[in-house]
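Structure data follow from structure-v8.cif (mmCIF, C-alpha atoms and all ligand atoms):
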data_coords
loop_
_atom_site.label_atom_id
_atom_site.label_comp_id
_atom_site.auth_asym_id
_atom_site.auth_seq_id
_atom_site.Cartn_x
_atom_site.Cartn_y
_atom_site.Cartn_z
CA MET H 30 0.00 0.00 0.00
CA SER H 31 1.44 3.39 -0.97
CA SER H 32 1.99 5.94 1.75
CA LEU H 33 -0.71 8.22 0.26
CA ILE H 34 -3.29 5.44 0.41
CA ALA H 35 -2.24 4.52 3.95
CA ARG H 36 -2.61 8.16 5.06
CA ASP H 37 -5.96 8.37 3.24
CA ARG H 38 -7.19 5.29 5.04
CA ALA H 39 -6.40 6.92 8.36
CA VAL H 40 -8.24 10.21 7.88
CA VAL H 41 -10.55 10.29 4.83
CA TRP H 42 -14.14 9.13 4.39
CA HIS H 43 -15.04 8.64 0.70
CA PRO H 44 -18.41 9.11 -1.01
CA TYR H 45 -20.32 6.02 -2.11
CA THR H 46 -17.72 3.77 -0.51
CA GLN H 47 -18.45 1.19 2.15
CA ALA H 48 -16.45 2.03 5.27
CA GLY H 49 -13.81 -0.56 6.06
CA PHE H 50 -14.41 -2.52 2.86
CA GLY H 51 -13.98 -2.05 -0.83
CA ALA H 52 -10.93 -1.65 -2.99
CA GLU H 53 -8.13 0.72 -2.16
CA PRO H 54 -8.73 4.18 -3.65
CA LEU H 55 -6.75 5.03 -6.75
CA ALA H 56 -4.03 7.49 -5.77
CA VAL H 57 -4.15 10.06 -8.57
CA VAL H 58 -1.22 12.47 -8.75
CA GLY H 59 -2.07 14.27 -11.99
CA ALA H 60 -4.29 14.34 -15.04
CA GLN H 61 -3.83 15.47 -18.60
CA GLY H 62 -6.25 15.21 -21.51
CA SER H 63 -8.17 11.93 -21.21
CA ALA H 64 -5.73 10.33 -18.77
CA LEU H 65 -5.34 10.14 -15.00
CA MET H 66 -1.79 9.60 -13.73
CA LEU H 67 -1.49 7.30 -10.75
CA GLU H 68 1.05 7.43 -7.95
CA ASP H 69 2.39 4.01 -8.94
CA GLY H 70 3.33 5.34 -12.39
CA ARG H 71 0.35 3.92 -14.31
CA SER H 72 -1.79 6.11 -16.52
CA ILE H 73 -5.47 5.22 -16.96
CA LEU H 74 -8.14 6.65 -19.24
CA ASP H 75 -10.93 8.59 -17.54
CA GLY H 76 -13.82 6.68 -19.12
CA ILE H 77 -16.51 8.35 -17.00
CA SER H 78 -15.30 11.96 -17.30
CA SER H 79 -14.68 12.06 -13.54
CA TRP H 80 -18.35 11.59 -12.64
CA TRP H 81 -19.66 12.95 -15.92
CA CYS H 82 -18.34 16.49 -15.63
CA CYS H 83 -14.94 16.68 -17.34
CA LEU H 84 -16.03 17.49 -20.90
CA HIS H 85 -12.87 18.78 -22.52
CA GLY H 86 -10.31 16.53 -20.89
CA HIS H 87 -8.12 17.36 -17.93
CA GLY H 88 -5.82 20.38 -17.76
CA HIS H 89 -7.26 22.12 -20.80
CA PRO H 90 -5.08 25.22 -21.45
CA ALA H 91 -8.05 27.50 -22.24
CA LEU H 92 -9.68 26.64 -18.90
CA ILE H 93 -6.43 27.05 -16.96
CA LYS H 94 -5.92 30.45 -18.61
CA ALA H 95 -9.45 31.59 -17.76
CA ALA H 96 -9.07 30.52 -14.12
CA HIS H 97 -5.62 32.09 -13.81
CA GLU H 98 -6.70 35.44 -15.27
CA GLN H 99 -9.84 35.61 -13.16
CA PHE H 100 -7.96 34.65 -10.00
CA GLN H 101 -5.75 37.70 -10.46
CA LYS H 102 -8.74 40.03 -10.87
CA LEU H 103 -11.29 38.79 -8.34
CA ASP H 104 -11.08 35.48 -6.50
CA HIS H 105 -14.31 35.40 -4.57
CA VAL H 106 -16.97 37.66 -3.20
CA LEU H 107 -20.36 36.98 -1.66
CA PHE H 108 -23.19 37.17 -4.18
CA ALA H 109 -25.97 38.67 -2.04
CA GLY H 110 -26.08 42.37 -2.83
CA VAL H 111 -22.95 42.11 -5.01
CA THR H 112 -22.39 41.34 -8.66
CA HIS H 113 -19.45 40.77 -11.00
CA GLU H 114 -18.74 40.49 -14.70
CA PRO H 115 -18.22 36.69 -14.98
CA ALA H 116 -21.58 35.90 -13.30
CA VAL H 117 -23.49 38.41 -15.43
CA ARG H 118 -21.77 37.36 -18.64
CA LEU H 119 -22.33 33.67 -17.92
CA ALA H 120 -26.04 34.27 -17.23
CA GLU H 121 -26.29 36.20 -20.52
CA ARG H 122 -24.51 33.45 -22.46
CA LEU H 123 -26.53 30.61 -20.92
CA CYS H 124 -29.78 32.40 -21.68
CA GLU H 125 -28.60 32.68 -25.30
CA VAL H 126 -27.60 29.03 -25.81
CA VAL H 127 -30.09 27.07 -23.70
CA PRO H 128 -33.18 26.15 -25.74
CA HIS H 129 -36.76 27.29 -25.02
CA GLY H 130 -35.88 30.88 -24.10
CA PHE H 131 -34.74 31.42 -20.51
CA GLN H 132 -34.08 34.88 -19.11
CA ARG H 133 -32.72 34.52 -15.60
CA ALA H 134 -30.05 32.52 -13.76
CA PHE H 135 -29.97 31.55 -10.09
CA TYR H 136 -26.51 30.25 -9.16
CA THR H 137 -25.55 27.52 -6.70
CA ASP H 138 -22.54 25.22 -6.54
CA ASN H 139 -23.64 21.62 -7.19
CA GLY H 140 -26.34 19.73 -9.04
CA SER H 141 -28.31 18.75 -5.93
CA ALA H 142 -28.51 22.38 -4.86
CA ALA H 143 -29.73 23.41 -8.33
CA ILE H 144 -32.58 20.90 -7.89
CA GLU H 145 -33.34 22.09 -4.35
CA VAL H 146 -33.59 25.64 -5.70
CA ALA H 147 -35.91 24.54 -8.51
CA ILE H 148 -38.27 22.70 -6.14
CA LYS H 149 -38.22 25.55 -3.62
CA LEU H 150 -38.91 28.13 -6.35
CA ALA H 151 -41.91 26.10 -7.51
CA VAL H 152 -43.33 25.64 -4.03
CA GLN H 153 -42.79 29.28 -3.10
CA ALA H 154 -44.29 30.51 -6.38
CA TRP H 155 -47.48 28.61 -5.52
CA ARG H 156 -47.54 30.34 -2.11
CA HIS H 157 -47.33 33.67 -3.86
CA ARG H 158 -50.29 32.56 -5.95
CA GLY H 159 -52.16 31.97 -2.71
CA GLU H 160 -52.00 28.16 -2.67
CA LYS H 161 -49.96 26.01 -0.28
CA ARG H 162 -49.04 23.35 -2.79
CA VAL H 163 -46.23 21.00 -1.75
CA ARG H 164 -46.68 17.84 -3.79
CA VAL H 165 -43.83 16.90 -6.14
CA VAL H 166 -44.16 14.57 -9.13
CA ALA H 167 -41.12 12.79 -10.55
CA LEU H 168 -40.30 9.95 -12.91
CA GLU H 169 -39.80 6.41 -11.65
CA GLY H 170 -36.12 5.51 -11.49
CA GLY H 171 -34.90 9.12 -11.48
CA TYR H 172 -31.88 10.51 -9.65
CA HIS H 173 -31.54 14.17 -8.71
CA GLY H 174 -28.86 14.28 -6.01
CA ASP H 175 -28.17 13.48 -2.38
CA THR H 176 -29.49 16.44 -0.37
CA PHE H 177 -32.87 15.87 1.24
CA GLY H 178 -35.13 17.49 -1.35
CA ALA H 179 -33.20 16.10 -4.29
CA MET H 180 -33.05 12.68 -2.62
CA ALA H 181 -36.81 12.74 -2.02
CA ALA H 182 -37.42 13.49 -5.70
CA GLY H 183 -35.18 10.60 -6.77
CA ALA H 184 -36.07 6.92 -6.73
CA ARG H 185 -35.96 5.32 -3.30
CA GLY H 186 -33.46 2.55 -2.62
CA VAL H 187 -30.38 1.66 -0.67
CA PHE H 188 -29.09 5.26 -0.97
CA SER H 189 -32.08 6.77 0.77
CA ALA H 190 -33.38 3.94 3.00
CA PRO H 191 -32.04 5.27 6.37
CA PHE H 192 -33.81 8.59 5.74
CA GLU H 193 -37.08 7.21 4.39
CA ASN H 194 -39.24 8.70 7.14
CA MET H 195 -37.70 12.12 6.64
CA LEU H 196 -38.34 12.39 2.91
CA PHE H 197 -41.44 14.10 1.54
CA SER H 198 -43.59 11.73 -0.45
CA VAL H 199 -43.42 12.01 -4.22
CA GLU H 200 -45.86 10.88 -6.90
CA ARG H 201 -44.19 8.84 -9.64
CA LEU H 202 -44.96 8.45 -13.30
CA SER H 203 -43.27 5.81 -15.41
CA ILE H 204 -40.92 6.59 -18.27
CA GLU H 205 -43.12 4.49 -20.57
CA GLY H 206 -46.06 6.90 -20.45
CA SER H 207 -48.78 4.23 -20.52
CA GLU H 208 -52.47 5.10 -20.69
CA ALA H 209 -52.66 4.56 -16.94
CA ASP H 210 -49.78 7.04 -16.46
CA ILE H 211 -51.53 9.65 -18.57
CA GLU H 212 -54.71 9.16 -16.55
CA ARG H 213 -52.73 9.59 -13.31
CA CYS H 214 -51.01 12.63 -14.73
CA GLU H 215 -54.42 14.15 -15.50
CA ALA H 216 -55.66 13.32 -12.02
CA LEU H 217 -52.58 14.95 -10.51
CA CYS H 218 -53.23 18.08 -12.58
CA THR H 219 -56.70 18.47 -11.10
CA SER H 220 -55.75 17.38 -7.56
CA GLY H 221 -54.96 20.99 -6.67
CA ASP H 222 -51.89 20.19 -4.59
CA VAL H 223 -49.08 19.47 -7.07
CA ALA H 224 -46.39 22.18 -7.19
CA CYS H 225 -43.92 20.77 -9.69
CA PHE H 226 -42.81 17.93 -11.94
CA VAL H 227 -39.11 17.05 -12.09
CA PHE H 228 -37.49 14.84 -14.71
CA GLU H 229 -34.24 14.02 -16.49
CA PRO H 230 -34.79 14.65 -20.20
CA LEU H 231 -33.87 11.87 -22.70
CA ILE H 232 -31.85 9.67 -20.33
CA GLN H 233 -31.83 8.80 -16.64
CA GLY H 234 -28.22 8.69 -15.46
CA ALA H 235 -27.65 7.14 -12.05
CA GLY H 236 -30.93 5.23 -12.48
CA GLY H 237 -29.08 3.02 -14.99
CA MET H 238 -28.57 5.08 -18.17
CA ARG H 239 -32.19 4.45 -19.19
CA CYS H 240 -33.26 6.24 -22.36
CA ILE H 241 -36.60 8.07 -22.37
CA ASP H 242 -38.74 8.92 -25.37
CA PRO H 243 -38.98 12.74 -25.28
CA GLY H 244 -42.57 12.39 -26.52
CA VAL H 245 -43.51 10.85 -23.16
CA ILE H 246 -42.09 13.80 -21.26
CA ASP H 247 -43.92 16.15 -23.63
CA GLU H 248 -47.20 14.36 -22.90
CA TYR H 249 -46.70 14.86 -19.16
CA CYS H 250 -45.38 18.43 -19.41
CA ARG H 251 -48.14 19.57 -21.74
CA ARG H 252 -50.74 18.59 -19.15
CA PHE H 253 -48.79 19.87 -16.13
CA LYS H 254 -48.04 23.20 -17.75
CA ALA H 255 -51.67 23.74 -18.67
CA ALA H 256 -52.42 23.34 -14.96
CA GLY H 257 -49.70 25.83 -13.96
CA ILE H 258 -47.54 23.07 -12.45
CA VAL H 259 -43.86 23.99 -12.72
CA CYS H 260 -41.92 21.61 -15.02
CA ILE H 261 -38.26 21.17 -14.03
CA ALA H 262 -35.75 19.68 -16.49
CA ASP H 263 -32.76 18.23 -14.65
CA GLU H 264 -29.95 18.62 -17.20
CA VAL H 265 -27.21 18.21 -14.60
CA MET H 266 -25.86 15.18 -16.48
CA THR H 267 -27.21 15.76 -19.98
CA GLY H 268 -26.25 19.42 -20.45
CA PHE H 269 -23.44 20.69 -22.67
CA GLY H 270 -23.54 18.17 -25.48
CA ARG H 271 -23.64 14.81 -23.71
CA THR H 272 -26.68 13.51 -25.55
CA GLY H 273 -25.67 14.85 -28.97
CA GLU H 274 -27.60 18.12 -28.96
CA LEU H 275 -26.12 20.91 -26.86
CA PHE H 276 -28.97 20.33 -24.38
CA ALA H 277 -31.25 17.30 -24.15
CA SER H 278 -34.22 19.64 -23.69
CA SER H 279 -33.98 20.71 -27.34
CA GLU H 280 -35.60 17.35 -28.09
CA LEU H 281 -38.65 18.40 -26.09
CA ARG H 282 -41.46 20.21 -27.86
CA VAL H 283 -42.98 21.47 -24.63
CA ALA H 284 -40.69 23.99 -22.93
CA PRO H 285 -39.78 23.24 -19.32
CA ASP H 286 -40.19 26.14 -16.84
CA LEU H 287 -36.86 25.59 -15.12
CA ILE H 288 -33.58 23.96 -16.24
CA CYS H 289 -30.91 22.80 -13.79
CA LEU H 290 -27.29 22.68 -14.97
CA SER H 291 -24.03 21.73 -13.25
CA LYS H 292 -21.35 19.07 -13.95
CA GLY H 293 -20.24 20.03 -17.49
CA LEU H 294 -20.83 23.72 -16.74
CA THR H 295 -17.18 24.16 -15.72
CA SER H 296 -15.96 21.01 -17.45
CA GLY H 297 -15.10 19.40 -14.14
CA THR H 298 -12.77 22.08 -12.89
CA LEU H 299 -14.68 24.00 -10.21
CA PRO H 300 -18.03 23.55 -8.46
CA LEU H 301 -20.81 25.58 -10.02
CA ALA H 302 -24.49 25.08 -10.81
CA VAL H 303 -27.34 27.16 -12.09
CA THR H 304 -31.13 27.02 -12.18
CA LEU H 305 -32.49 28.92 -15.19
CA CYS H 306 -35.98 30.35 -15.21
CA ARG H 307 -38.18 32.68 -17.23
CA ASP H 308 -39.15 36.21 -16.35
CA ASP H 309 -42.77 35.23 -15.74
CA LEU H 310 -41.71 33.07 -12.77
CA TYR H 311 -39.21 35.70 -11.60
CA ARG H 312 -41.97 38.34 -11.68
CA GLU H 313 -43.97 36.25 -9.20
CA PHE H 314 -41.24 37.06 -6.66
CA ILE H 315 -41.12 40.82 -7.28
CA SER H 316 -42.77 42.39 -4.28
CA ALA H 317 -42.23 44.97 -1.56
CA ASP H 318 -43.27 42.24 0.86
CA HIS H 319 -40.10 40.68 2.41
CA SER H 320 -41.80 37.34 2.84
CA LYS H 321 -41.74 36.97 -0.95
CA THR H 322 -37.92 37.05 -1.06
CA PHE H 323 -36.31 33.81 -2.19
CA PHE H 324 -34.18 33.10 0.89
CA HIS H 325 -31.62 30.71 -0.52
CA GLY H 326 -27.88 31.11 -1.03
CA HIS H 327 -24.59 29.28 -0.66
CA THR H 328 -21.22 30.71 0.32
CA TYR H 329 -19.65 29.91 -3.05
CA THR H 330 -22.67 30.88 -5.14
CA ALA H 331 -21.47 32.31 -8.49
CA ASN H 332 -17.78 32.10 -7.56
CA PRO H 333 -16.07 34.40 -10.11
CA ILE H 334 -13.32 31.93 -11.03
CA ALA H 335 -15.87 29.16 -11.58
CA CYS H 336 -18.00 31.50 -13.74
CA ALA H 337 -14.97 32.58 -15.78
CA VAL H 338 -14.02 28.94 -16.40
CA ALA H 339 -17.64 28.13 -17.31
CA LEU H 340 -17.55 30.88 -19.96
CA ALA H 341 -14.33 29.46 -21.42
CA SER H 342 -15.75 25.94 -21.30
CA LEU H 343 -18.92 27.07 -23.06
CA ASP H 344 -16.83 28.60 -25.87
CA LEU H 345 -15.06 25.26 -26.28
CA THR H 346 -18.34 23.31 -26.17
CA ILE H 347 -20.00 25.32 -28.93
CA SER H 348 -16.90 25.31 -31.16
CA ASP H 349 -16.97 23.38 -34.46
CA GLU H 350 -14.05 21.30 -33.22
CA CYS H 351 -15.92 20.12 -30.13
CA HIS H 352 -19.04 19.47 -32.16
CA ALA H 353 -16.96 17.31 -34.52
CA SER H 354 -15.44 15.38 -31.57
CA ARG H 355 -18.85 14.67 -30.09
CA LYS H 356 -20.09 13.51 -33.48
CA ARG H 357 -17.03 11.29 -33.96
CA ILE H 358 -17.45 9.70 -30.51
CA GLY H 359 -21.22 9.32 -30.97
CA GLU H 360 -20.74 7.54 -34.31
CA ALA H 361 -18.04 5.27 -32.89
CA HIS H 362 -20.33 4.39 -29.96
CA ALA H 363 -23.18 3.56 -32.35
CA ARG H 364 -20.92 1.21 -34.35
CA PHE H 365 -19.69 -0.45 -31.17
CA VAL H 366 -23.25 -0.99 -29.95
CA ASP H 367 -23.78 -3.28 -32.98
CA ILE H 368 -20.82 -5.37 -31.82
CA LEU H 369 -22.18 -5.57 -28.28
CA TRP H 370 -25.52 -6.88 -29.54
CA GLU H 371 -23.64 -10.03 -30.64
CA CYS H 372 -22.54 -10.83 -27.08
CA HIS H 373 -24.80 -13.27 -25.26
CA GLY H 374 -24.36 -11.92 -21.75
CA VAL H 375 -25.22 -8.39 -22.83
CA ARG H 376 -28.70 -6.90 -22.82
CA ASP H 377 -29.99 -3.66 -24.23
CA ALA H 378 -26.75 -2.21 -25.61
CA ARG H 379 -27.51 1.46 -26.30
CA SER H 380 -25.88 4.77 -27.03
CA LEU H 381 -27.04 8.35 -26.92
CA GLY H 382 -24.58 11.02 -28.02
CA THR H 383 -21.33 10.34 -26.18
CA ILE H 384 -22.96 7.94 -23.69
CA LEU H 385 -22.67 4.20 -24.26
CA ALA H 386 -24.33 1.69 -21.91
CA PHE H 387 -25.42 -1.94 -21.68
CA ASP H 388 -26.82 -4.28 -19.05
CA VAL H 389 -24.97 -7.42 -18.12
CA VAL H 390 -26.89 -10.56 -17.28
CA THR H 391 -25.61 -11.53 -13.85
CA SER H 392 -26.86 -13.83 -11.12
CA ASP H 393 -25.77 -11.23 -8.54
CA SER H 394 -28.95 -9.26 -7.90
CA GLY H 395 -27.54 -6.85 -5.35
CA GLY H 396 -28.40 -3.82 -7.51
CA TYR H 397 -26.08 -0.83 -7.17
CA THR H 398 -24.08 -2.55 -4.45
CA ASN H 399 -23.53 -5.90 -6.15
CA SER H 400 -20.04 -7.38 -6.25
CA PHE H 401 -20.21 -7.54 -10.05
CA ALA H 402 -19.78 -3.77 -10.24
CA GLN H 403 -16.67 -3.81 -8.06
CA ASN H 404 -15.11 -6.75 -9.93
CA VAL H 405 -15.79 -5.11 -13.28
CA ARG H 406 -14.29 -1.82 -12.09
CA ASP H 407 -11.13 -3.67 -11.02
CA TYR H 408 -11.00 -5.49 -14.36
CA PHE H 409 -11.19 -2.22 -16.30
CA ILE H 410 -8.52 -0.56 -14.18
CA ASP H 411 -6.21 -3.47 -15.04
CA GLN H 412 -7.03 -2.72 -18.68
CA GLY H 413 -6.09 0.94 -18.18
CA VAL H 414 -9.60 2.42 -18.23
CA LEU H 415 -11.59 3.88 -15.35
CA LEU H 416 -15.20 2.68 -15.65
CA ARG H 417 -17.55 2.41 -12.71
CA PRO H 418 -20.66 0.32 -13.44
CA LEU H 419 -24.00 1.17 -11.86
CA GLY H 420 -24.90 -2.27 -10.54
CA ASN H 421 -25.07 -4.48 -13.62
CA VAL H 422 -25.19 -1.51 -15.99
CA VAL H 423 -21.82 -0.84 -17.58
CA TYR H 424 -21.49 2.59 -19.15
CA PHE H 425 -18.77 4.54 -20.90
CA MET H 426 -18.98 8.34 -20.95
CA PRO H 427 -15.63 9.70 -22.11
CA PRO H 428 -14.54 13.32 -22.18
CA TYR H 429 -14.83 14.80 -25.68
CA SER H 430 -11.01 14.80 -25.77
CA PHE H 431 -10.90 11.01 -26.29
CA THR H 432 -8.89 10.21 -29.42
CA ASP H 433 -9.73 7.32 -31.74
CA ASP H 434 -6.90 5.28 -30.20
CA GLU H 435 -8.21 5.93 -26.71
CA LEU H 436 -11.71 4.92 -27.79
CA THR H 437 -10.29 1.72 -29.29
CA GLN H 438 -8.49 0.91 -26.03
CA ALA H 439 -11.74 1.29 -24.08
CA TYR H 440 -13.85 -0.63 -26.62
CA THR H 441 -11.32 -3.47 -26.67
CA ALA H 442 -11.46 -3.76 -22.89
CA ILE H 443 -15.28 -3.73 -22.96
CA GLU H 444 -15.45 -6.27 -25.77
CA GLU H 445 -13.10 -8.65 -24.00
CA LEU H 446 -15.25 -8.44 -20.89
CA CYS H 447 -18.39 -9.10 -22.89
CA VAL H 448 -16.95 -11.97 -24.90
CA GLY H 449 -15.98 -13.54 -21.57
CA LEU H 450 -19.66 -13.39 -20.56
CA ASN H 451 -20.74 -15.64 -23.44
C1 LIG M 1 -29.31 14.10 -13.21
C2 LIG M 1 -28.58 14.52 -11.97
N1 LIG M 1 -29.11 15.45 -11.19
C3 LIG M 1 -28.49 15.88 -10.07
C4 LIG M 1 -27.28 15.34 -9.69
C5 LIG M 1 -26.62 15.82 -8.43
O1 LIG M 1 -25.49 16.57 -8.74
P1 LIG M 1 -24.33 16.77 -7.64
O2 LIG M 1 -23.66 15.45 -7.50
O3 LIG M 1 -23.46 17.83 -8.22
O4 LIG M 1 -25.00 17.21 -6.40
C6 LIG M 1 -26.69 14.36 -10.47
C7 LIG M 1 -25.41 13.76 -10.08
O5 LIG M 1 -25.00 12.74 -10.56
C8 LIG M 1 -27.36 13.92 -11.65
O6 LIG M 1 -26.86 12.98 -12.43
#

Mind turning this structure into structure tokens?
Amino acid sequence: MSSLIARDRAVVWHPYTQAGFGAEPLAVVGAQGSALMLEDGRSILDGISSWWCCLHGHGHPALIKAAHEQFQKLDHVLFAGVTHEPAVRLAERLCEVVPHGFQRAFYTDNGSAAIEVAIKLAVQAWRHRGEKRVRVVALEGGYHGDTFGAMAAGARGVFSAPFENMLFSVERLSIEGSEADIERCEALCTSGDVACFVFEPLIQGAGGMRCIDPGVIDEYCRRFKAAGIVCIADEVMTGFGRTGELFASSELRVAPDLICLSKGLTSGTLPLAVTLCRDDLYREFISADHSKTFFHGHTYTANPIACAVALASLDLTISDECHASRKRIGEAHARFVDILWECHGVRDARSLGTILAFDVVTSDSGGYTNSFAQNVRDYFIDQGVLLRPLGNVVYFMPPYSFTDDELTQAYTAIEELCVGLN
């Protein structure tokens, strides 16, 4: 055991890691482009974009430059009663590029907080309308984060079990949009107590990379919106080109009322999130009455360095070069999916933009915590690729910096695993 890992074991508690068990953490000493450099001298490919956020590869010079320049001008300042150029510029730019016409940005610093803000805005807006609506509707199998409100909106399971009695109850609609779902949706619209509907557009991430027909979400949103129920698109994972389009919501015909963004916003460099809304919702909060203030804020809200990096990252994301990389990776994924369909132990091989996923038939039914996931992670690390299955769902979500050779290395490792399942 390296000295770093030994020291880690003595003082650090890791997320999503069983205390006292599990593999040793990877000791990462550096990262460049698509690769993570380990303390033991190995270099492994970051096949999950460091939890889905690192879009342009590690150590991108344009992002370093933006952070460095901003650091010299203004490092941090509180955001209540204060403003600064990077936050204003980023809000302007996001309102320009995000589909469906948004006009206002509320900053936070992680995806869960962006969801909390969205739910709180919806509930408070209903209060301003004179109704104490608190019911939330969400999709079955969704994931929206680990804080209490976000956790309540997400699917219940081993993650949330200890807190079950503390979570507000949530109505669920399926991602299939059956006739029964539509009937329930209509009943919820007339129930008079639903404040908002929250969903991941096009694909559910932590729920197992499950693709969703945008038409189903449209069917729900059309009804909810007609009833004034606030529709919240959680684009924390899908934003900034992941699904092919710049934003998954462009595939929706019915405009959501709020969009939550984080992860790719700063390309995995600094924590930042934003909840975008329209002026009609913002106007519901304009009042001389203090009780109508939206009392929510985090210390690092709209950190200037994070905003400056987000602006630089956005420029990279909308560039022709990045568009071409996403297209190249998406097409390579689609070709590889055809190969995966030939493997007996593989089910439902699928790809969406730069996301590739498949289910593995395994007798281990432990869900997210099954030993299959840990064994497969170890196998991939030996093959020089960091992949971290969600239970029996293996997925590959590379940064857009992945070269053809790097893609081939990852596909070869995946194919060898899958052939071994036959
Ligand atoms: C769709 C979605 N929403 C929200 C979150 C929560 O984001 P964070 O981990 O930054 O709190 C995640 C994180 O994986 C996510 O995938």

Excluding range 276-289 of chain H and any residue of its chain fewer than 4 positions from it, enumerate the residues within 8 Å of it, using only C-alpha atoms, and give them as a ChimeraX atom specification. /H:127-129,140,143-144,147,230-231,243-244,246-247,250-251,259-265,267-272,302-307

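Candidate residues H:Asp309, H:Glu68, H:Glu121, H:Asp138 were compared for distance to ligand LIG 1 (chain M), and the nearest is H:Asp138, using only C-alpha atoms and all ligand atoms.
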
Show me which residues sit within 9 Å of ligand LIG 1 (chain M) when counting only C-alpha atoms and all ligand atoms, and put them as a VMD selection string. chain H and resid 80 to 81 138 to 144 171 to 176 179 183 228 to 230 232 to 236 263 to 267 289 to 292 300 to 302

Which residue gives the smallest distance to Thr112 in chain H among H:Gly186, H:Pro333, H:Gly130, H:Gly59, with only C-alpha atoms counted?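 Result for the nearest residue to Thr112 in chain H: H:Pro333.
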
Contacts of Pro418 in chain H at 6 Å or less, counting only C-alpha atoms, minus same-chain residues fewer than 4 places along, as a PyMOL selection string? chain H and resi 402+422-423

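Closest to Ala116 in chain H among H:Ala190, H:Val245, H:Val166, H:Leu340 is H:Leu340, based on only C-alpha atoms.
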
Figure out the distance between CA of His362 in chain H and CA of Thr437 in chain H, please, to one decimal in Å. 10.4 Å

Of the candidates H:Thr322, H:Ser316, H:Asn421, H:Ser430, which one gets nearest to Lys149 in chain H if we count all atoms listed in the file?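 For Lys149 in chain H, the nearest of the given residues is H:Thr322.
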
In Å, rounded to a single decimal, give me how far CA of Asp75 in chain H is from CA of Ile368 in chain H.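 Between these atoms lies a distance of 22.3 Å.
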
Identify, on the basis of all atoms listed in the file, every residue whose closest approach to Phe365 in chain H does not exceed 10 Å; exclude the query and any residue fewer than 5 positions from it along the same chain; express the result as a PyMOL selection string. chain H and resi 359-360+370+378-380+385+437+440-441+443-444

In Å to one decimal, how far is CA of Ser63 in chain H from CA of Pro90 in chain H?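 Atom-to-atom, CA of Pro90 in chain H to CA of Ser63 in chain H, that is 13.6 Å.
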
Skip Arg213 in chain H itself and residues of its chain fewer than 6 positions away, then list as a ChimeraX atom specification all residues within 12 Å of it, counting all atoms listed in the file. /H:166,200-203,206-207,219-220,249,252-253

Taking into account only C-alpha atoms, which residue in the set H:Leu168, H:Ile204, H:Cys124, H:Leu416 is nearest to Asp308 in chain H?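 Of all the options, H:Cys124 lies closest to Asp308 in chain H.
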
Excluding same-chain residues fewer than 5 positions from Arg118 in chain H, what lies within 9 Å of it counting all atoms listed in the file, as a list in words? His113, Leu123, Cys336, Ala337 and Leu340 of chain H

So that all listed atoms of range 277-283 of chain H fit with 6 Å spare on each side, what axis-aligned box centre and edge lengths in Å, to one decimal, would you give as lines of an AutoDock Vina configuration file?
center_x = -37.1
center_y = 19.4
center_z = -25.9
size_x = 23.7
size_y = 16.2
size_z = 16.4

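Remark: for Gly293 in chain H, the closest of the candidate residues H:Phe100, H:Arg185, H:Leu345, H:Glu313 is H:Leu345 (distances computed over only C-alpha atoms).
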
Please work out which residues fall within 12 Å of (-16.0, 39.5, -1.8), coordinates as given in the file, with only C-alpha atoms counting, and return them as a ChimeraX atom specification. /H:102-113,328-333

Using C-alpha atoms, can you export the residues from the last selection as a PDB file, in the frame of the given file?
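What landed in result-v1.pdb:
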ATOM      1  CA  LYS H 102      -8.740  40.030 -10.870  1.00  0.00           C
ATOM      2  CA  LEU H 103     -11.290  38.790  -8.340  1.00  0.00           C
ATOM      3  CA  ASP H 104     -11.080  35.480  -6.500  1.00  0.00           C
ATOM      4  CA  HIS H 105     -14.310  35.400  -4.570  1.00  0.00           C
ATOM      5  CA  VAL H 106     -16.970  37.660  -3.200  1.00  0.00           C
ATOM      6  CA  LEU H 107     -20.360  36.980  -1.660  1.00  0.00           C
ATOM      7  CA  PHE H 108     -23.190  37.170  -4.180  1.00  0.00           C
ATOM      8  CA  ALA H 109     -25.970  38.670  -2.040  1.00  0.00           C
ATOM      9  CA  GLY H 110     -26.080  42.370  -2.830  1.00  0.00           C
ATOM     10  CA  VAL H 111     -22.950  42.110  -5.010  1.00  0.00           C
ATOM     11  CA  THR H 112     -22.390  41.340  -8.660  1.00  0.00           C
ATOM     12  CA  HIS H 113     -19.450  40.770 -11.000  1.00  0.00           C
ATOM     13  CA  THR H 328     -21.220  30.710   0.320  1.00  0.00           C
ATOM     14  CA  TYR H 329     -19.650  29.910  -3.050  1.00  0.00           C
ATOM     15  CA  THR H 330     -22.670  30.880  -5.140  1.00  0.00           C
ATOM     16  CA  ALA H 331     -21.470  32.310  -8.490  1.00  0.00           C
ATOM     17  CA  ASN H 332     -17.780  32.100  -7.560  1.00  0.00           C
ATOM     18  CA  PRO H 333     -16.070  34.400 -10.110  1.00  0.00           C
TER      19      PRO H 333
END

Using all atoms listed in the file, what residues lie at most 6 Å away from (-16.3, 16.3, -27.3) (file coordinates), given as a list in words?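 Output: Cys351, Ser354, Arg355, Tyr429 and Ser430 of chain H.
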
Selected residues, C-alpha atoms, written as a compact mmCIF listing (two decimals), in the coordinates of the input, please.
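Output file selection.txt follows:
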# COMPACT_ATOMS: atom_id res chain seq x y z
CA CYS H 351 -15.92 20.12 -30.13
CA SER H 354 -15.44 15.38 -31.57
CA ARG H 355 -18.85 14.67 -30.09
CA TYR H 429 -14.83 14.80 -25.68
CA SER H 430 -11.01 14.80 -25.77
